[in-house]
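Printed here is model-v5.cif (mmCIF, C-alpha atoms):
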```cif
data_entry
loop_
_atom_site.label_atom_id
_atom_site.label_comp_id
_atom_site.auth_asym_id
_atom_site.auth_seq_id
_atom_site.Cartn_x
_atom_site.Cartn_y
_atom_site.Cartn_z
CA MET A 1 106.53 86.91 94.39
CA PRO A 2 105.11 85.28 91.26
CA VAL A 3 105.83 88.39 89.20
CA ASP A 4 109.43 88.55 88.00
CA VAL A 5 110.75 91.67 89.66
CA ASN A 6 113.04 92.32 86.70
CA ALA A 7 109.96 92.90 84.55
CA LEU A 8 109.06 95.87 86.75
CA ALA A 9 110.28 99.44 86.37
CA LEU A 10 110.45 101.97 89.18
CA GLU A 11 110.90 105.71 88.73
CA ARG A 12 112.32 107.35 91.82
CA PRO A 13 111.66 111.12 91.79
CA ARG A 14 113.51 113.31 94.30
CA SER A 15 110.81 115.94 94.59
CA LEU A 16 107.10 116.41 93.95
CA LYS A 17 108.00 118.57 90.95
CA ASP A 18 110.08 115.72 89.50
CA ALA A 19 107.24 113.29 90.18
CA LEU A 20 104.69 115.46 88.38
CA THR A 21 107.01 115.87 85.39
CA MET A 22 107.43 112.08 85.24
CA MET A 23 103.66 111.57 85.54
CA ALA A 24 103.06 114.03 82.70
CA GLY A 25 105.62 112.25 80.52
CA ASP A 26 104.28 108.77 81.22
CA PRO A 27 100.66 108.73 82.41
CA ARG A 28 100.78 104.92 82.74
CA LEU A 29 103.06 105.21 85.76
CA VAL A 30 101.32 103.82 88.82
CA PRO A 31 102.04 105.72 92.04
CA LEU A 32 103.54 103.66 94.88
CA ALA A 33 103.33 104.85 98.48
CA GLY A 34 103.10 102.36 101.38
CA CYS A 35 102.65 99.45 98.92
CA THR A 36 100.06 97.73 101.15
CA ASP A 37 97.70 97.32 98.19
CA VAL A 38 100.05 97.22 95.19
CA TYR A 39 102.38 94.56 96.60
CA VAL A 40 99.46 92.34 97.54
CA GLY A 41 98.20 92.69 93.96
CA LEU A 42 101.65 91.89 92.57
CA HIS A 43 101.84 88.83 94.81
CA PHE A 44 98.52 87.51 93.55
CA GLY A 45 99.15 88.52 89.96
CA THR A 46 96.08 90.79 89.98
CA VAL A 47 98.08 93.95 89.27
CA ALA A 48 98.84 94.09 85.55
CA ASP A 49 100.85 97.32 85.78
CA ARG A 50 104.59 97.06 85.31
CA ARG A 51 105.71 100.70 85.55
CA PHE A 52 105.65 102.42 88.92
CA ILE A 53 106.65 105.74 90.45
CA ASP A 54 107.82 105.80 94.04
CA LEU A 55 106.34 108.61 96.10
CA TRP A 56 107.34 107.26 99.53
CA ASN A 57 110.26 109.63 100.12
CA LEU A 58 108.54 112.85 98.96
CA LYS A 59 108.51 114.97 102.11
CA GLU A 60 106.17 117.52 100.47
CA LEU A 61 103.39 114.95 100.65
CA ARG A 62 103.69 114.33 104.40
CA GLY A 63 102.47 116.34 107.33
CA ILE A 64 99.32 117.48 109.09
CA SER A 65 98.42 121.16 109.46
CA VAL A 66 95.53 123.53 110.11
CA GLU A 67 95.05 126.75 108.22
CA ARG A 68 91.94 128.95 108.24
CA ASP A 69 90.13 126.26 110.22
CA VAL A 70 90.76 123.62 107.54
CA LEU A 71 92.74 120.50 108.42
CA THR A 72 95.12 119.46 105.67
CA ILE A 73 96.54 115.94 105.71
CA GLY A 74 99.34 115.18 103.26
CA ALA A 75 98.63 112.24 100.98
CA LEU A 76 101.54 110.20 102.38
CA THR A 77 100.42 110.57 105.99
CA THR A 78 100.28 107.06 107.45
CA TYR A 79 97.57 105.63 109.67
CA THR A 80 100.10 105.65 112.52
CA ASP A 81 100.73 109.37 111.91
CA ILE A 82 96.97 109.96 112.07
CA ILE A 83 96.52 107.89 115.25
CA GLN A 84 99.34 109.81 116.95
CA SER A 85 98.33 113.29 115.77
CA LYS A 86 96.90 115.49 118.54
CA ILE A 87 95.33 117.74 115.90
CA VAL A 88 93.49 114.88 114.20
CA GLN A 89 92.48 113.39 117.57
CA LYS A 90 90.88 116.71 118.44
CA ARG A 91 89.28 117.64 115.11
CA VAL A 92 88.40 114.29 113.51
CA PRO A 93 88.32 111.57 116.18
CA MET A 94 86.34 109.30 113.82
CA LEU A 95 89.30 109.32 111.43
CA VAL A 96 91.57 108.20 114.27
CA ALA A 97 89.07 105.46 115.13
CA ALA A 98 89.04 104.29 111.50
CA ALA A 99 92.85 104.40 111.24
CA ARG A 100 93.14 102.17 114.34
CA GLU A 101 91.09 99.49 112.60
CA VAL A 102 93.11 99.35 109.40
CA GLY A 103 95.16 96.13 109.48
CA GLY A 104 97.62 95.75 112.33
CA ALA A 105 100.53 97.97 113.39
CA GLN A 106 102.64 96.85 110.41
CA ILE A 107 99.98 98.03 107.97
CA GLN A 108 99.25 101.22 109.93
CA ASN A 109 102.97 102.07 109.77
CA ARG A 110 102.95 101.86 105.98
CA GLY A 111 99.46 102.51 104.62
CA THR A 112 98.66 106.10 103.72
CA LEU A 113 95.50 108.18 103.64
CA GLY A 114 96.17 109.22 100.03
CA GLY A 115 96.66 105.57 99.13
CA ASN A 116 93.34 104.59 100.69
CA VAL A 117 91.62 107.26 98.56
CA ALA A 118 93.58 106.41 95.40
CA ASN A 119 93.05 102.65 95.70
CA ALA A 120 89.34 103.44 95.50
CA SER A 121 88.15 100.21 97.08
CA PRO A 122 84.50 100.34 98.21
CA ALA A 123 85.85 98.78 101.42
CA GLY A 124 88.46 101.50 102.08
CA ASP A 125 88.24 102.05 105.83
CA THR A 126 88.76 105.81 105.91
CA LEU A 127 86.43 106.59 103.02
CA PRO A 128 83.12 106.76 104.93
CA VAL A 129 84.84 109.11 107.36
CA LEU A 130 86.00 111.40 104.56
CA ALA A 131 82.51 111.36 103.03
CA ALA A 132 80.82 112.16 106.36
CA ALA A 133 83.43 114.84 107.07
CA ASN A 134 82.73 116.64 103.78
CA ALA A 135 86.39 116.29 102.86
CA ARG A 136 88.08 117.56 99.70
CA ILE A 137 90.76 115.89 97.61
CA VAL A 138 93.59 118.07 96.33
CA LEU A 139 94.87 116.89 92.93
CA ARG A 140 97.98 118.26 91.27
CA SER A 141 99.50 117.84 87.83
CA ASN A 142 102.57 119.54 86.42
CA LYS A 143 100.24 122.29 85.17
CA THR A 144 97.44 122.78 87.68
CA THR A 145 96.17 122.16 91.18
CA ARG A 146 92.49 121.51 91.72
CA THR A 147 90.29 120.61 94.65
CA VAL A 148 87.42 118.14 94.33
CA THR A 149 84.72 117.53 96.92
CA PHE A 150 84.89 113.99 98.23
CA ASP A 151 81.29 113.17 97.29
CA SER A 152 82.08 113.91 93.64
CA TYR A 153 85.49 112.19 93.62
CA TYR A 154 84.40 108.64 92.75
CA THR A 155 82.53 108.04 89.51
CA GLY A 156 82.03 104.27 89.76
CA TYR A 157 83.60 101.05 90.98
CA ARG A 158 87.30 101.84 91.42
CA LYS A 159 86.88 104.89 89.16
CA SER A 160 87.52 108.50 90.07
CA VAL A 161 87.88 111.94 88.53
CA ARG A 162 91.69 111.74 88.88
CA GLN A 163 93.16 112.29 85.43
CA PRO A 164 96.29 110.68 83.98
CA GLY A 165 99.25 112.72 85.16
CA GLU A 166 97.53 113.85 88.36
CA LEU A 167 98.56 112.91 91.88
CA ILE A 168 96.57 113.15 95.08
CA VAL A 169 98.67 115.55 97.14
CA ALA A 170 96.45 116.18 100.17
CA ILE A 171 93.09 115.67 101.81
CA GLU A 172 91.36 118.70 103.32
CA ILE A 173 88.81 118.44 106.10
CA PRO A 174 86.86 121.53 107.14
CA ARG A 175 85.80 122.00 110.77
CA ILE A 176 83.20 119.41 111.69
CA ASP A 177 80.25 120.70 113.63
CA GLY A 178 78.60 118.06 115.81
CA ARG A 179 79.28 114.61 117.18
CA GLN A 180 81.22 112.11 115.13
CA TRP A 181 80.55 108.40 115.07
CA TRP A 182 82.36 105.45 113.46
CA ARG A 183 81.88 101.70 113.39
CA LYS A 184 83.44 98.91 111.37
CA VAL A 185 81.82 95.50 111.31
CA GLY A 186 84.12 92.66 110.28
CA THR A 187 85.15 89.15 111.20
CA ARG A 188 87.94 90.18 113.55
CA ARG A 189 89.30 93.42 114.93
CA ALA A 190 92.57 93.60 113.05
CA GLN A 191 93.54 92.47 109.57
CA ALA A 192 89.96 91.93 108.40
CA ILE A 193 88.45 93.71 105.45
CA SER A 194 85.11 95.09 106.54
CA LYS A 195 81.68 93.66 105.87
CA ILE A 196 80.34 97.16 106.36
CA MET A 197 81.39 100.44 107.97
CA ILE A 198 79.78 103.75 108.79
CA GLY A 199 81.09 107.23 109.41
CA ALA A 200 78.52 109.75 110.58
CA VAL A 201 78.19 113.27 111.94
CA ARG A 202 75.32 114.60 114.02
CA GLY A 203 75.33 118.36 114.11
CA ARG A 204 73.42 121.14 112.42
CA HIS A 205 73.71 118.91 109.39
CA VAL A 206 73.45 115.16 109.67
CA ARG A 207 75.76 113.23 107.37
CA ILE A 208 75.85 109.44 107.21
CA ALA A 209 78.24 107.53 104.95
CA PHE A 210 78.56 103.79 104.42
CA GLY A 211 81.39 101.69 103.02
CA SER A 212 81.15 98.19 101.54
CA VAL A 213 77.48 98.54 100.62
CA ALA A 214 77.81 99.84 97.04
CA SER A 215 80.37 100.14 94.24
CA THR A 216 81.79 103.21 95.96
CA VAL A 217 81.48 104.74 99.39
CA ILE A 218 78.06 106.42 99.58
CA LEU A 219 76.31 109.15 101.53
CA ALA A 220 72.88 108.11 102.77
CA ARG A 221 71.31 111.51 102.13
CA LYS A 222 67.65 110.51 102.48
CA THR A 223 68.31 108.66 105.72
CA ALA A 224 70.17 111.67 107.10
CA ALA A 225 67.36 114.01 105.99
CA VAL A 226 64.74 111.93 107.84
CA LEU A 227 66.74 112.04 111.05
CA GLN A 228 67.59 115.73 110.68
CA SER A 229 63.94 116.69 110.28
CA GLY A 230 62.98 114.81 113.45
CA GLY A 231 61.69 111.62 111.79
CA SER A 232 61.68 108.32 113.63
CA ILE A 233 64.46 105.77 113.49
CA ALA A 234 62.07 103.35 111.77
CA ASP A 235 61.42 105.94 109.02
CA ALA A 236 65.16 106.56 108.67
CA GLN A 237 65.78 102.82 108.36
CA ALA A 238 63.05 102.56 105.73
CA ALA A 239 64.68 105.42 103.81
CA LEU A 240 68.02 103.63 104.03
CA GLY A 241 66.42 100.58 102.41
CA THR A 242 65.63 102.73 99.36
CA GLU A 243 69.12 104.17 98.96
CA ILE A 244 71.48 101.25 99.50
CA ALA A 245 71.36 97.82 97.87
CA PRO A 246 74.38 95.90 99.16
CA ILE A 247 75.54 92.78 97.34
CA ASP A 248 76.54 89.24 98.31
CA ASP A 249 80.28 88.62 98.13
CA VAL A 250 83.00 86.55 99.82
CA ARG A 251 82.82 88.62 102.99
CA SER A 252 79.10 88.86 103.62
CA THR A 253 75.61 88.81 102.14
CA GLY A 254 73.51 91.70 100.93
CA GLU A 255 70.73 90.77 103.34
CA TYR A 256 73.09 90.80 106.35
CA ARG A 257 74.65 94.08 105.28
CA LEU A 258 71.30 95.81 104.88
CA LYS A 259 70.13 94.60 108.28
CA ILE A 260 73.36 95.70 109.94
CA ALA A 261 73.31 99.05 108.14
CA LYS A 262 69.85 99.70 109.57
CA ASN A 263 71.00 98.65 113.03
CA LEU A 264 74.00 100.98 112.74
CA VAL A 265 71.74 103.92 111.90
CA GLU A 266 69.79 103.23 115.08
CA GLN A 267 72.94 102.82 117.15
CA PHE A 268 74.44 106.02 115.72
CA TRP A 269 71.35 108.04 116.53
CA ASN A 270 70.95 106.62 120.04
CA GLU A 271 74.61 106.98 120.98
CA THR A 272 74.92 110.56 119.74
CA ALA A 273 71.66 111.75 121.37
CA MET B 1 121.80 100.82 97.59
CA LYS B 2 123.02 101.18 101.17
CA LEU B 3 121.02 99.70 104.04
CA THR B 4 121.87 99.46 107.70
CA ILE B 5 120.87 95.97 108.74
CA ASN B 6 121.22 95.02 112.40
CA GLY B 7 123.62 97.91 112.93
CA LYS B 8 125.88 97.04 110.02
CA THR B 9 125.80 99.12 106.83
CA ARG B 10 125.67 96.93 103.74
CA LYS B 11 125.76 97.64 100.05
CA ILE B 12 122.97 95.76 98.31
CA ASN B 13 122.84 95.21 94.60
CA ALA B 14 119.18 94.43 93.97
CA HIS B 15 116.23 95.62 91.93
CA PRO B 16 114.61 98.48 93.90
CA MET B 17 111.25 96.66 93.82
CA LYS B 18 112.62 93.38 95.15
CA ARG B 19 110.81 92.56 98.36
CA LEU B 20 112.78 93.47 101.48
CA LEU B 21 111.96 89.93 102.67
CA ASP B 22 113.78 88.38 99.70
CA VAL B 23 116.76 90.73 100.05
CA LEU B 24 117.12 89.78 103.72
CA ARG B 25 116.81 86.05 103.10
CA GLU B 26 118.57 85.68 99.74
CA ASP B 27 121.06 88.55 99.49
CA CYS B 28 121.92 88.78 103.19
CA GLY B 29 121.42 85.18 104.30
CA LEU B 30 119.25 86.33 107.20
CA THR B 31 116.76 83.47 107.14
CA GLY B 32 115.32 84.18 110.58
CA THR B 33 112.71 86.34 108.84
CA LYS B 34 109.99 83.95 107.68
CA GLU B 35 107.56 84.17 104.80
CA GLY B 36 104.04 83.23 105.79
CA CYS B 37 101.27 84.57 103.61
CA GLY B 38 103.23 86.92 101.34
CA GLU B 39 100.38 89.45 101.44
CA GLY B 40 100.83 91.48 104.62
CA GLU B 41 98.22 89.49 106.47
CA CYS B 42 100.08 87.22 108.92
CA GLY B 43 103.04 89.24 110.23
CA ALA B 44 105.52 86.30 110.09
CA CYS B 45 107.98 88.47 108.11
CA THR B 46 107.82 91.43 110.52
CA VAL B 47 111.03 93.46 110.76
CA LEU B 48 111.68 96.97 112.06
CA ILE B 49 112.48 99.91 109.78
CA ASP B 50 113.65 102.91 111.80
CA GLY B 51 112.09 101.28 114.86
CA GLU B 52 108.63 100.70 113.34
CA SER B 53 107.25 97.24 112.60
CA VAL B 54 106.53 96.47 108.94
CA ASP B 55 105.72 93.36 106.91
CA ALA B 56 108.88 92.76 104.84
CA CYS B 57 106.86 90.84 102.20
CA ILE B 58 105.13 94.02 101.05
CA VAL B 59 108.02 96.47 101.36
CA PRO B 60 110.22 97.14 98.32
CA VAL B 61 113.88 97.22 99.29
CA ALA B 62 113.97 100.80 97.93
CA HIS B 63 111.98 101.85 101.00
CA ALA B 64 114.70 100.55 103.31
CA GLU B 65 117.46 102.44 101.53
CA GLY B 66 119.39 104.61 103.97
CA ARG B 67 117.29 103.34 106.87
CA ARG B 68 117.91 101.10 109.87
CA VAL B 69 116.50 97.62 109.48
CA VAL B 70 116.36 95.21 112.42
CA THR B 71 115.63 91.50 111.91
CA ILE B 72 115.28 88.74 114.50
CA GLU B 73 119.02 88.12 114.25
CA GLY B 74 119.67 91.72 115.29
CA ALA B 75 116.95 91.80 117.94
CA ALA B 76 118.23 88.58 119.52
CA ALA B 77 121.60 90.23 120.00
CA THR B 78 120.10 92.98 122.20
CA LYS B 79 119.16 92.70 125.86
CA HIS B 80 115.53 93.63 125.15
CA GLY B 81 115.22 91.13 122.28
CA LYS B 82 116.92 88.39 124.27
CA ALA B 83 114.47 88.95 127.16
CA LEU B 84 111.55 88.60 124.75
CA GLN B 85 113.03 85.46 123.22
CA ASN B 86 113.63 83.84 126.62
CA ALA B 87 110.11 84.71 127.76
CA PHE B 88 108.66 82.92 124.71
CA VAL B 89 110.64 79.81 125.73
CA VAL B 90 109.73 79.98 129.42
CA HIS B 91 106.03 80.80 128.94
CA GLY B 92 105.29 78.51 126.00
CA GLY B 93 104.85 81.33 123.50
CA ALA B 94 106.44 79.34 120.69
CA GLN B 95 105.37 76.03 119.27
CA CYS B 96 106.11 75.46 115.57
CA GLY B 97 108.09 78.70 115.58
CA ILE B 98 107.16 80.15 112.20
CA CYS B 99 105.35 83.13 113.70
CA THR B 100 107.81 83.67 116.55
CA PRO B 101 110.39 85.98 114.94
CA GLY B 102 107.56 88.20 113.69
CA MET B 103 105.86 88.17 117.08
CA ILE B 104 109.08 89.19 118.81
CA LEU B 105 109.75 92.04 116.38
CA ALA B 106 106.14 93.25 116.56
CA ALA B 107 106.53 93.33 120.35
CA ALA B 108 109.97 94.97 120.23
CA PRO B 109 108.71 98.60 119.96
CA LEU B 110 106.62 98.18 123.15
CA LYS B 111 107.84 99.93 126.28
CA LYS B 112 108.47 98.29 129.66
CA GLY B 113 105.25 97.79 131.58
CA ALA B 114 103.01 97.88 128.50
CA SER B 115 99.41 96.93 129.29
CA LEU B 116 97.73 93.83 127.93
CA LEU B 117 95.72 95.99 125.54
CA GLU B 118 98.92 97.63 124.26
CA ILE B 119 100.47 94.20 123.75
CA GLN B 120 97.37 92.95 121.94
CA THR B 121 97.31 96.05 119.74
CA ALA B 122 101.00 95.72 118.81
CA LEU B 123 100.52 92.03 117.94
CA ALA B 124 97.14 92.39 116.20
CA GLY B 125 98.81 91.99 112.82
CA ASN B 126 100.51 88.69 113.71
CA LEU B 127 98.82 85.35 113.28
CA CYS B 128 99.73 82.17 115.18
CA ARG B 129 98.16 78.85 114.31
CA CYS B 130 99.57 76.72 117.16
CA THR B 131 99.58 78.15 120.64
CA GLY B 132 96.67 80.49 120.52
CA TYR B 133 97.40 83.96 121.68
CA PRO B 134 97.22 83.95 125.52
CA ALA B 135 100.59 82.20 125.83
CA ILE B 136 102.14 84.74 123.46
CA PHE B 137 100.63 87.69 125.35
CA ARG B 138 101.89 86.17 128.62
CA SER B 139 105.37 85.79 127.16
CA VAL B 140 105.53 89.41 126.01
CA GLY B 141 104.00 90.62 129.27
CA ALA B 142 106.61 88.71 131.27
CA ALA B 143 109.47 90.14 129.23
CA LEU B 144 108.13 93.67 129.64
CA LYS B 145 107.34 93.12 133.33
CA SER B 146 103.79 94.22 132.58
CA PRO B 147 101.21 94.38 135.36
CA ARG B 148 99.83 90.87 135.78
CA ARG B 149 96.37 90.46 134.42
CA LYS B 150 94.62 87.55 132.82
CA ALA B 151 95.18 87.58 129.11
CA GLY B 152 91.77 87.61 127.50
CA ARG B 153 89.92 89.15 124.61
CA ALA B 154 90.83 92.65 123.53
CA GLY B 155 88.31 95.26 124.58
CA ARG B 156 87.20 98.03 122.23
CA ARG B 157 89.83 100.68 121.96
#
```

File written out as structure tokens:
Amino acid sequence: MPVDVNALALERPRSLKDALTMMAGDPRLVPLAGCTDVYVGLHFGTVADRRFIDLWNLKELRGISVERDVLTIGALTTYTDIIQSKIVQKRVPMLVAAAREVGGAQIQNRGTLGGNVANASPAGDTLPVLAAANARIVLRSNKTTRTVTFDSYYTGYRKSVRQPGELIVAIEIPRIDGRQWWRKVGTRRAQAISKIMIGAVRGRHVRIAFGSVASTVILARKTAAVLQSGGSIADAQAALGTEIAPIDDVRSTGEYRLKIAKNLVEQFWNETA
Amino acid sequence: MKLTINGKTRKINAHPMKRLLDVLREDCGLTGTKEGCGEGECGACTVLIDGESVDACIVPVAHAEGRRVVTIEGAAATKHGKALQNAFVVHGGAQCGICTPGMILAAAPLKKGASLLEIQTALAGNLCRCTGYPAIFRSVGAALKSPRRKAGRAGRR
């Protein structure tokens, strides 16, 4: 690792309460969970942070449960946990589908749902699912707990409403009415960062979310509204053209992404008919 | 820090953020674990922690504290690991050998009779630049006595 490990500091709290006290005392502490993003950044020298707090062993942040028809997934729940969970398979199969396409088994065994949200990459695989599922992010500091709707969580490229001293403790997903649909388009099945992905729900309300087409994950509200009101696929695709403007980058071009996004809208609508 | 490595509990004196890969190779002299990409992309450094495959290049040693780590040296000393190793020799699953320890450990959690799709899924995070994958899938399939089927492209799961 190019970074001298001795220049790094790691706080190792024994409980969530300890962790929140440490976060309040030193808001520059960067939370570490499965390390699948942070250690890559350290390796490439793109992570400037030197002070970390290790959440990996905090049992309070693990586990999957349902209460009052709301699914709660602890922030440290790994992709493997999600893939293996009967409850998630039943309630949010599109999240299981997304989790299966994150990296390979080694990454799925380590990467966490809370980490995917916190890392705030526009290419985060589970993020379109959480947007389409109308999820909520539970944030806790040493003083308060608050719940933020997923569509108001990100405020810009890699920016969110999470305040210094706050930790993501859980992700809540209410019951999803309707058929769920997920696709990731990338260069290979495993270990590839996506060119584009879509999470969508077709029920009483239609919700369509895209990843890798904007600075954050986005809900295509106009496109969904056209489809919900009985409009044609061509009209929905035209609406999509007005609400996303993907860019060229190392993984794909804006033109390709827009074309594929339109194709995915058609495929979603046809396959969930 | 106490770690159980290949069944033996060891006391390690290392920075908690030192990569597990470096602790295994430098502090423990277990050089069977290879570094490929260093970014969790190629799987060459795969080891098991509590029976689950992980990329040791992106795991801080702190996360192995109090847990059971198995490297290729430990796997090769078991019947299951030895069968995998032999199958790679017999079926041409190894060429330059850099990816082989990682391939064997990624395959280690698979159960006897695993299907081709299960083998492909378990090894999806491991890159090989010599043999191509069919020979590797055949090797694992032979060791697990999987139902014989032509190794081909993975279908959609």

Counting all atoms listed in the file, chain A residues within 6 Å of chain B, as a ChimeraX atom specification:
/A:39-40,104-106,190

Check which residues satisfy the PyMOL selection byres ((chain B and resi 94-96) around 12) in the file shown, then give them as a PDB file with C-alpha atoms, keeping the file's coordinate frame.
```
ATOM      1  CA  LEU B  84     111.550  88.600 124.750  1.00  0.00           C
ATOM      2  CA  GLN B  85     113.030  85.460 123.220  1.00  0.00           C
ATOM      3  CA  ASN B  86     113.630  83.840 126.620  1.00  0.00           C
ATOM      4  CA  ALA B  87     110.110  84.710 127.760  1.00  0.00           C
ATOM      5  CA  PHE B  88     108.660  82.920 124.710  1.00  0.00           C
ATOM      6  CA  VAL B  89     110.640  79.810 125.730  1.00  0.00           C
ATOM      7  CA  VAL B  90     109.730  79.980 129.420  1.00  0.00           C
ATOM      8  CA  HIS B  91     106.030  80.800 128.940  1.00  0.00           C
ATOM      9  CA  GLY B  92     105.290  78.510 126.000  1.00  0.00           C
ATOM     10  CA  GLY B  93     104.850  81.330 123.500  1.00  0.00           C
ATOM     11  CA  GLY B  97     108.090  78.700 115.580  1.00  0.00           C
ATOM     12  CA  ILE B  98     107.160  80.150 112.200  1.00  0.00           C
ATOM     13  CA  CYS B  99     105.350  83.130 113.700  1.00  0.00           C
ATOM     14  CA  THR B 100     107.810  83.670 116.550  1.00  0.00           C
ATOM     15  CA  PRO B 101     110.390  85.980 114.940  1.00  0.00           C
ATOM     16  CA  GLY B 102     107.560  88.200 113.690  1.00  0.00           C
ATOM     17  CA  MET B 103     105.860  88.170 117.080  1.00  0.00           C
ATOM     18  CA  ILE B 104     109.080  89.190 118.810  1.00  0.00           C
ATOM     19  CA  CYS B 128      99.730  82.170 115.180  1.00  0.00           C
ATOM     20  CA  ARG B 129      98.160  78.850 114.310  1.00  0.00           C
ATOM     21  CA  CYS B 130      99.570  76.720 117.160  1.00  0.00           C
ATOM     22  CA  THR B 131      99.580  78.150 120.640  1.00  0.00           C
ATOM     23  CA  GLY B 132      96.670  80.490 120.520  1.00  0.00           C
ATOM     24  CA  TYR B 133      97.400  83.960 121.680  1.00  0.00           C
ATOM     25  CA  PRO B 134      97.220  83.950 125.520  1.00  0.00           C
ATOM     26  CA  ALA B 135     100.590  82.200 125.830  1.00  0.00           C
ATOM     27  CA  ILE B 136     102.140  84.740 123.460  1.00  0.00           C
ATOM     28  CA  PHE B 137     100.630  87.690 125.350  1.00  0.00           C
ATOM     29  CA  ARG B 138     101.890  86.170 128.620  1.00  0.00           C
ATOM     30  CA  SER B 139     105.370  85.790 127.160  1.00  0.00           C
ATOM     31  CA  VAL B 140     105.530  89.410 126.010  1.00  0.00           C
TER      32      VAL B 140
END
```

So what do you get for atom CA of A:Pro164 versus atom CA of A:Tyr79, distance-wise?
26.2 Å

Atom CA of A:Ala192 sits from atom CA of A:Thr126 at a separation of 14.2 Å

Residues near stretch 226-239 of chain A, cut-off 9 Å, all atoms listed in the file, skip fewer than 4 positions along chain, as a PyMOL selection string
chain A and resi 202-206+220-222+243+261-263+265-266+269

Please, which residues are within 8 Å of (95.0, 109.7, 104.1) by the file's coordinates, counting all atoms listed in the file, and could they come as a list in words?
Ile73, Gly74, Ala75, Leu76, Thr77, Thr78, Tyr79, Thr112, Leu113, Gly114, Gly115, Asn116, Val117, Thr126, Ala170 and Ile171 of chain A

Store the residues picked out above, limited to C-alpha atoms, as an mmCIF file, in the frame of the given file.
```cif
data_model
loop_
_atom_site.group_PDB
_atom_site.id
_atom_site.type_symbol
_atom_site.label_atom_id
_atom_site.label_comp_id
_atom_site.auth_asym_id
_atom_site.auth_seq_id
_atom_site.Cartn_x
_atom_site.Cartn_y
_atom_site.Cartn_z
ATOM 1 C CA ILE A 73 96.540 115.940 105.710
ATOM 2 C CA GLY A 74 99.340 115.180 103.260
ATOM 3 C CA ALA A 75 98.630 112.240 100.980
ATOM 4 C CA LEU A 76 101.540 110.200 102.380
ATOM 5 C CA THR A 77 100.420 110.570 105.990
ATOM 6 C CA THR A 78 100.280 107.060 107.450
ATOM 7 C CA TYR A 79 97.570 105.630 109.670
ATOM 8 C CA THR A 112 98.660 106.100 103.720
ATOM 9 C CA LEU A 113 95.500 108.180 103.640
ATOM 10 C CA GLY A 114 96.170 109.220 100.030
ATOM 11 C CA GLY A 115 96.660 105.570 99.130
ATOM 12 C CA ASN A 116 93.340 104.590 100.690
ATOM 13 C CA VAL A 117 91.620 107.260 98.560
ATOM 14 C CA THR A 126 88.760 105.810 105.910
ATOM 15 C CA ALA A 170 96.450 116.180 100.170
ATOM 16 C CA ILE A 171 93.090 115.670 101.810
#
```

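What separates atom CA of A:Lys159 from atom CA of A:Ala118 is a distance of 9.3 Å.
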
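Near A:Ile208, within 6 Å and counting only C-alpha atoms, sit A:Ala132, A:Ala200, A:Leu219, A:Ala220, not including residues fewer than 4 positions from it in the same chain.
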
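Between A:Val138 and the residues A:Leu61, A:Ile53, A:Val213, A:Met94, the shortest atom-to-atom distance, using only C-alpha atoms, involves A:Leu61.
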
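Distance annotation: of A:Asp18, A:Asp81, A:Asp125, A:Asp249, the residue with the minimal separation from A:Ser141 is A:Asp18; atom set is only C-alpha atoms.
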
Counting all atoms listed in the file, which of B:Asn13, B:Thr33, B:Ser146, B:Gln120 gets nearest to B:Val69?
B:Thr33

I'd like the neighbourhood of A:Ile193 as a ChimeraX atom specification, where a residue qualifies if any of its atoms comes within 8 Å (using all atoms listed in the file), though same-chain residues fewer than 6 positions away should be ignored.
/A:123,186,251

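Using all atoms listed in the file, the shortest contact distance between B:Arg67 and any of A:Ala19, A:Asn57, A:Arg175, A:Ser212 is found at A:Asn57.
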
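Those residues returned by the PyMOL selection byres ((chain A and resi 95) around 9) for this file are Ile82, Ile83, Val88, Gln89, Val92, Pro93, Met94, Val96, Ala97, Ala98, Ala99, Arg100, Thr126, Val129, Leu130, Trp182 and Gly199 of chain A.
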
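Omitting A:Val47 and its sequence neighbours fewer than 4 positions away, and counting all atoms listed in the file, the residues within 8 Å are Val38, Gly41 and Leu42 of chain A.
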
Grab the residues selected above and save them as a PDB file, in the frame of the given file with C-alpha atoms.
```
ATOM      1  CA  VAL A  38     100.050  97.220  95.190  1.00  0.00           C
ATOM      2  CA  GLY A  41      98.200  92.690  93.960  1.00  0.00           C
ATOM      3  CA  LEU A  42     101.650  91.890  92.570  1.00  0.00           C
TER       4      LEU A  42
END
```

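Against this structure, the PyMOL selection byres ((chain A and resi 145) around 12) ends up with Leu20, Ile137, Val138, Leu139, Arg140, Ser141, Asn142, Lys143, Thr144, Arg146, Thr147, Val148, Arg162, Gln163, Gly165, Glu166, Leu167, Ile168, Val169 and Ala170 of chain A.
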
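Shortest separation to B:Ala75 among B:Gly7, B:Gly29, B:Gly141, B:Gly113 occurs at residue B:Gly7, atoms counted being all atoms listed in the file.
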